[in-house]
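**Q** Got a structure here, written out as structure tokens. Questions coming.
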Amino acid sequence: MDCLESSDLTHAILSSAGVGLWVIEVDEGRPPRMYADKALLQILGFPEETLPEDLYNLWCNNVDLSYYEAYAEFVDQMTRGEMSELEYAWNHQSRGVIFLQNHGKRNDEYTRGMRLEGCCTDVTEQIEFKMHLREFEQYADIANTLGDGFDNIYYVDINDNSFIAFNAQGVVKTLDAMTCKDFFEGFEQALEKVVYREDWEAVKDFVNKEKMLHGLQKDRAVSVAFRFLLDGQQVFYRLKAAKTPDSDSHIVVTLENVDEEETAKAERKAISIRDMAVISGLSDDFGCVVYVDCETLSEIHYRFDSWFEKYLPGWSEIDNFGKRLDVLVNSIVHPADRDAFRDAIQRDKVLGAVERDHVYYVNFRLQVDDDDIYYQIKFVKDETSKNHVIAGFHSVDAETKREMANLEKAELANKAKSAFLFNMSHDIRTPLNAMIGFTDMAVKNIDDRDKALDCLNKSKMASEHLLSLINDVLDMSRIESGKVELDVNPIDLDENGEDYIPILKSLAEKKNVGFEYLRHDIRNRYVYVDFLRLNQVLINVVSNAVKYTPSGGLVSVDVSQIPSDREGYGVYQFVIKDTGIGMSPEYQLHLFDEFSRERTSTVSKQQGTGLGLAITKRIVDMMEGSIDVESEVGKGSKFTIRVPMRLQENPESVEQVRFSYSEQEPISFAGFKVLVVEDNELNLEISKDILESAGITVDSAKDGSIAVERLKEKGPDYYDCILMDIQMPVMDGFEATREIRKMYPDKRIPIIALSANAFDEDRRKSIEAGMDGHLAKPIVIAQLEDSLKKFLKK
């Protein structure tokens, strides 16, 4: 048939690859007819003049009997219109049994009857290769050359070195017949760019035309394996050159990825080397090593440690493995482990395990001098001799006890976290219940202004408590993950100390607890320190002292400078005393553990995460300081914190950082225009209400792109300030800020981030994006007003 006619070149390629094409037609009233191209006829050993009716019968009749059922299903599947595939044995008139692989499908456009179309591949050599791998290893290259999966295939004319490239999709993509006229010269240049340097000489010799043709005079195919260096990784490839049966003037050269095959060889070699090294390796690390014949239990001794002779006199003289184990079991194996040990060392169990896994471990305890010692026998299979193993006795006491300690520690941590979750469930629900309850009460009593205000104030207090709980958990998580870094600044301790004293005093006054503050012996007031973290430490400890001190009690803070043995540094001591309930000695051991409280909030009536002192300890550690506690139940507690701080050499030349909000005269915000960029309607409503209550005219934008367009429309002088959310759809706050700065490089419009991202790195990102400030949600009105005062000035 015309559709099966092919050029000599196509025929040569198909023939060398063992592939032929066929068509079967079945018309009503006529016998089945089969048409095949020259390649398939050559594969089947039939002359070109074979009639289609005869060809069909000859093809079917020579299917091996064992494959008839599968062959019938193959044909039936095609007649149903499905793509069908079959690999089967076929009786060749001169070659004997060969193996063919068919792919075919029904042609639905054929109307006179039924037409099946497909291809047939001679896979005899591949099948025989798989079946007789060890016996015919010398034919592996030839069989694989005829297989699929090549990265590159070249059909080369050895008379003029011209070539045609097929499937050139692999690592050698630069070899183009349109620009390269000499295959051998071009292929060498292309390979040199990517072949691993140590393998290049072998590859260069292989692609040498004279050497390649000389090799093909002896064998139908020759090959060389080597490594490519791809993206810094070594990948194994194979080059093959094969004769073509249709022409003495052409060869086929293929490039194939054989990384899995070569890796498997390397692994087998590694296993062999490992097997050879097992005994010597065991001899170095194991106290006793013997080579055991599992049939007779006779031994060859390699090593005996004197430790065994000490507790098992004469053990090194035993020459039977069964007797050796009996002495061990009956003498020093822990009584509780003896039955399990005897079961684990049964011969069939040992042989089955090493056959399956190559290595088999038996763990047990020895009872020596009233001490339990964890031991192990390691059985290793001898790959060269059946029923032989190497047995090494090895102490695993240190690692086992370490793992047990770690497990115990993990279990304690899990219990602590479970207790934390229990406490947090209660502690979070308590303020949440108050928020919801008082809000409902405020709604119900909306006409009673005093009652409604009281409910809303209590709801606000509950929300602030809830926020503090959440902040503690997040702060601890960030400290543990290493995301918290100290922000050291030059400060005046006296000046900044005056700012945090009122905060500490107010904590005590709210509970009717007395407060005393004393500062003395401060010789160097100008230092470098992360004052906000130091302030956090003091607030955590003082608030804890106040929390557990009854009304009418006393909390005192004593600050002093003590001698330092570190040049250029001063050590500053903070002593916090209270007359509270105190702590038991047992609890003091776990005082700074995470999620730890001596009593739950349900019992103590004190709420919190149990993370405050853990956070405090982590911060003090980061500052290279120390924190100690003395406490007695019913009498109170004393915390001593010592923090080294680098001294300022020339404080008069350094601008000191002040960590309080500057006191300014109240100013009116009336007449100012502010753009609020916020995608959340509720948050936008809150911001607008706060700003408009202060007399500010407010515009809004739902995302950064709208804000940018608004600025383009209004110009850089229209708005006095922009409050910018960070996480928004379409365009986030960072990108919007960068766009605004790019639009007006000479006009600095104040932009303040107003975001739920409240961490230090979030503030840094805001500043890096071009913003002038960063405020965290929930909005604190006082902080917002203070920030606006910096920028909204007439």
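Each chain in the structure tokens gets a letter, A, B, ..., in the order shown, and its residues are numbered from 1; ligands are numbered from 1 in order too.
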Any idea what's packed within 12 Å of Asp54 (chain A), counting only C-alpha atoms, ignoring anything in its chain fewer than 5 positions away? Could you give it as a list in words?
**A**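 The filter keeps Ile24, Pro31, Pro32, Arg33, Met34, Tyr35, Ala36, Phe46, Pro47, Glu48, Glu49, Trp59, Cys60 and Asn61 of chain A.
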**Q** Give me the residues within 7 Å of Gln367 (chain A) as a list in words, counting only C-alpha atoms and dropping any in the same chain fewer than 4 places off.
**A**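 In the requested form, the answer reads Ile332, Val333, His334, Asp371, Asp372 and Ile373 of chain A.
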**Q** Could you tell me, as a PyMOL selection string, which residues of region 204-278 of chain A DSSP assigns to strand (DSSP E or B) when given the backbone?
**A** chain A and resi 221-230+233-244+247-257
**Q** Got time to write the residues from that selection, N, CA and C atoms, as a short mmCIF file (atom, residue, chain, number, x, y, z; two decimals), in the first residue's frame?
**A**
data_model
loop_
_atom_site.label_atom_id
_atom_site.label_comp_id
_atom_site.auth_asym_id
_atom_site.auth_seq_id
_atom_site.Cartn_x
_atom_site.Cartn_y
_atom_site.Cartn_z
N ALA A 221 28.57 -3.60 17.57
CA ALA A 221 28.39 -2.34 18.30
C ALA A 221 29.52 -2.16 19.29
N VAL A 222 29.93 -0.91 19.51
CA VAL A 222 30.94 -0.57 20.51
C VAL A 222 30.39 0.59 21.33
N SER A 223 30.86 0.69 22.57
CA SER A 223 30.31 1.74 23.44
C SER A 223 31.34 2.18 24.46
N VAL A 224 31.04 3.33 25.09
CA VAL A 224 31.87 3.83 26.18
C VAL A 224 30.94 4.56 27.15
N ALA A 225 31.12 4.31 28.44
CA ALA A 225 30.35 4.99 29.48
C ALA A 225 31.20 6.10 30.07
N PHE A 226 30.58 7.21 30.40
CA PHE A 226 31.31 8.36 30.93
C PHE A 226 30.33 9.23 31.72
N ARG A 227 30.84 10.34 32.21
CA ARG A 227 30.01 11.23 33.03
C ARG A 227 29.92 12.62 32.40
N PHE A 228 28.71 13.16 32.42
CA PHE A 228 28.48 14.56 32.11
C PHE A 228 28.47 15.34 33.41
N LEU A 229 28.85 16.59 33.38
CA LEU A 229 28.73 17.47 34.53
C LEU A 229 27.60 18.44 34.24
N LEU A 230 26.40 18.14 34.80
CA LEU A 230 25.21 18.93 34.53
C LEU A 230 24.77 19.63 35.80
N GLN A 233 26.23 18.50 38.91
CA GLN A 233 26.04 17.11 39.29
C GLN A 233 26.62 16.18 38.21
N GLN A 234 27.23 15.07 38.65
CA GLN A 234 27.75 14.08 37.71
C GLN A 234 26.63 13.13 37.30
N VAL A 235 26.40 12.98 35.99
CA VAL A 235 25.36 12.11 35.46
C VAL A 235 26.01 11.16 34.46
N PHE A 236 25.75 9.84 34.59
CA PHE A 236 26.35 8.85 33.70
C PHE A 236 25.60 8.77 32.37
N TYR A 237 26.38 8.74 31.28
CA TYR A 237 25.82 8.57 29.93
C TYR A 237 26.62 7.47 29.22
N ARG A 238 26.05 6.97 28.12
CA ARG A 238 26.74 5.97 27.31
C ARG A 238 26.66 6.35 25.83
N LEU A 239 27.80 6.32 25.17
CA LEU A 239 27.88 6.51 23.72
C LEU A 239 27.98 5.14 23.06
N LYS A 240 27.18 4.90 22.01
CA LYS A 240 27.23 3.64 21.29
C LYS A 240 27.30 3.91 19.80
N ALA A 241 28.05 3.08 19.14
CA ALA A 241 28.10 3.12 17.68
C ALA A 241 27.77 1.71 17.18
N ALA A 242 26.86 1.60 16.18
CA ALA A 242 26.42 0.30 15.70
C ALA A 242 26.38 0.29 14.17
N LYS A 243 26.65 -0.87 13.62
CA LYS A 243 26.51 -1.05 12.16
C LYS A 243 25.03 -1.05 11.80
N THR A 244 24.73 -0.70 10.55
CA THR A 244 23.36 -0.81 10.06
C THR A 244 23.31 -1.97 9.06
N SER A 247 23.30 -1.00 5.05
CA SER A 247 24.33 -0.26 4.32
C SER A 247 25.67 -0.43 5.00
N ASP A 248 26.69 -0.65 4.18
CA ASP A 248 28.05 -0.74 4.70
C ASP A 248 28.68 0.64 4.86
N SER A 249 28.01 1.67 4.35
CA SER A 249 28.58 3.01 4.38
C SER A 249 27.96 3.88 5.47
N HIS A 250 27.11 3.31 6.33
CA HIS A 250 26.46 4.09 7.37
C HIS A 250 26.59 3.38 8.73
N ILE A 251 26.62 4.18 9.76
CA ILE A 251 26.57 3.67 11.13
C ILE A 251 25.55 4.51 11.90
N VAL A 252 25.06 3.96 13.00
CA VAL A 252 24.16 4.68 13.89
C VAL A 252 24.91 4.94 15.21
N VAL A 253 24.94 6.22 15.64
CA VAL A 253 25.59 6.61 16.89
C VAL A 253 24.50 7.13 17.83
N THR A 254 24.48 6.61 19.04
CA THR A 254 23.45 7.02 20.00
C THR A 254 24.08 7.50 21.30
N LEU A 255 23.35 8.37 21.97
CA LEU A 255 23.75 8.88 23.29
C LEU A 255 22.61 8.60 24.24
N GLU A 256 22.90 7.88 25.35
CA GLU A 256 21.85 7.37 26.23
C GLU A 256 22.19 7.66 27.69
N ASN A 257 21.19 8.12 28.44
CA ASN A 257 21.34 8.34 29.88
C ASN A 257 21.29 6.98 30.60
#
**Q** Quick one: residues within 9 Å of Val396 (chain A), only C-alpha atoms, excluding same-chain residues fewer than 6 positions away - as a ChimeraX atom specification?
**A** /A:363,373-376
**Q** Please provide the set of residues having any atom within 9 Å of Gly773 (chain A), restricted to only C-alpha atoms, with same-chain residues fewer than 5 positions apart removed, written as a PyMOL selection string.
**A** chain A and resi 750-754+763+766-767+787
**Q** Would you output that residue set with N, CA, C and O atoms, as a tab-separated table (two decimals), in the first residue's frame?
**A**
chain	number	residue	atom	x	y	z
A	750	PRO	N	4.43	62.08	54.29
A	750	PRO	CA	4.52	61.16	55.43
A	750	PRO	C	3.65	59.92	55.22
A	750	PRO	O	2.46	60.04	54.94
A	751	ILE	N	4.25	58.73	55.35
A	751	ILE	CA	3.53	57.46	55.23
A	751	ILE	C	3.80	56.65	56.49
A	751	ILE	O	4.96	56.37	56.81
A	752	ILE	N	2.73	56.29	57.19
A	752	ILE	CA	2.85	55.50	58.42
A	752	ILE	C	2.19	54.15	58.21
A	752	ILE	O	1.02	54.08	57.81
A	753	ALA	N	2.95	53.08	58.43
A	753	ALA	CA	2.37	51.73	58.33
A	753	ALA	C	1.40	51.51	59.49
A	753	ALA	O	1.72	51.84	60.63
A	754	LEU	N	0.24	50.99	59.17
A	754	LEU	CA	-0.75	50.65	60.19
A	754	LEU	C	-1.14	49.21	59.91
A	754	LEU	O	-2.02	48.93	59.10
A	763	ARG	N	8.70	46.08	61.17
A	763	ARG	CA	9.00	47.51	61.25
A	763	ARG	C	10.17	47.87	60.34
A	763	ARG	O	10.16	48.90	59.65
A	766	SER	N	9.09	48.02	56.76
A	766	SER	CA	8.34	49.24	56.48
A	766	SER	C	9.28	50.40	56.22
A	766	SER	O	9.10	51.16	55.26
A	767	ILE	N	10.29	50.54	57.07
A	767	ILE	CA	11.26	51.63	56.90
A	767	ILE	C	12.04	51.45	55.60
A	767	ILE	O	12.26	52.41	54.85
A	787	SER	N	2.12	59.73	66.86
A	787	SER	CA	2.75	59.66	65.54
A	787	SER	C	2.26	60.79	64.65
A	787	SER	O	3.05	61.41	63.90
**Q** Can you tell me, as number ranges by chain, what residues are no more than 10 Å from region 706-718 of chain A when counting only C-alpha atoms, ignoring any on the same chain fewer than 6 positions away?
**A** A: 672-678, 699-700, 724, 730-731, 733, 735-740, 743-744, 746-749
**Q** Kindly give the distance, in Å, that separates CA of Ala39 (chain A) and CA of Arg112 (chain A), rounded to a single decimal.
**A**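 Between these atoms lies a distance of 27.2 Å.
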**Q** With DSSP run on the backbone, what are the alpha helix (DSSP H) residues within region 227-347 of chain A? I'd like them as a PyMOL selection string.
**A** chain A and resi 259-285+306-311+321-331+338-344+347
**Q** Which is closer to Lys790 (chain A) than all the others in A:Phe669, A:Tyr196, A:Phe183, A:Phe379, using only C-alpha atoms?
**A**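 That would be A:Phe669, the residue with the smallest distance to Lys790 (chain A).
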**Q** Of the candidates A:Gly232, A:Asp487, A:Asp494, A:Trp22, which shows the shortest atom-to-atom distance to Arg764 (chain A), using only C-alpha atoms?
**A**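 Selected residue with least distance to Arg764 (chain A): A:Asp487.
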**Q** Between CA of Glu128 (chain A) and CA of His92 (chain A), what is the spacing in Å?
**A** 15.4 Å
**Q** List as a ChimeraX atom specification the protein and nucleic acid residues near region 286-295 of chain A, meaning an atom at most 7 Å away when only C-alpha atoms are counted, but skip any in the same chain fewer than 4 places from it.
**A** /A:282,299-305,321,347,387-394
**Q** Pick from A:Asn496, A:Ser298, A:Ser551, A:Ser560: nearest to Arg523 (chain A), with only C-alpha atoms counted?
**A**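 Result for the nearest residue to Arg523 (chain A): A:Ser560.
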**Q** If we count only C-alpha atoms, what is near Ile779 (chain A) at a cut-off of 10 Å, once residues fewer than 5 positions away on the same chain are taken out, given as JSON, numbers by chain?
**A** {"A": [683, 686, 687, 690, 754, 755, 756, 784]}
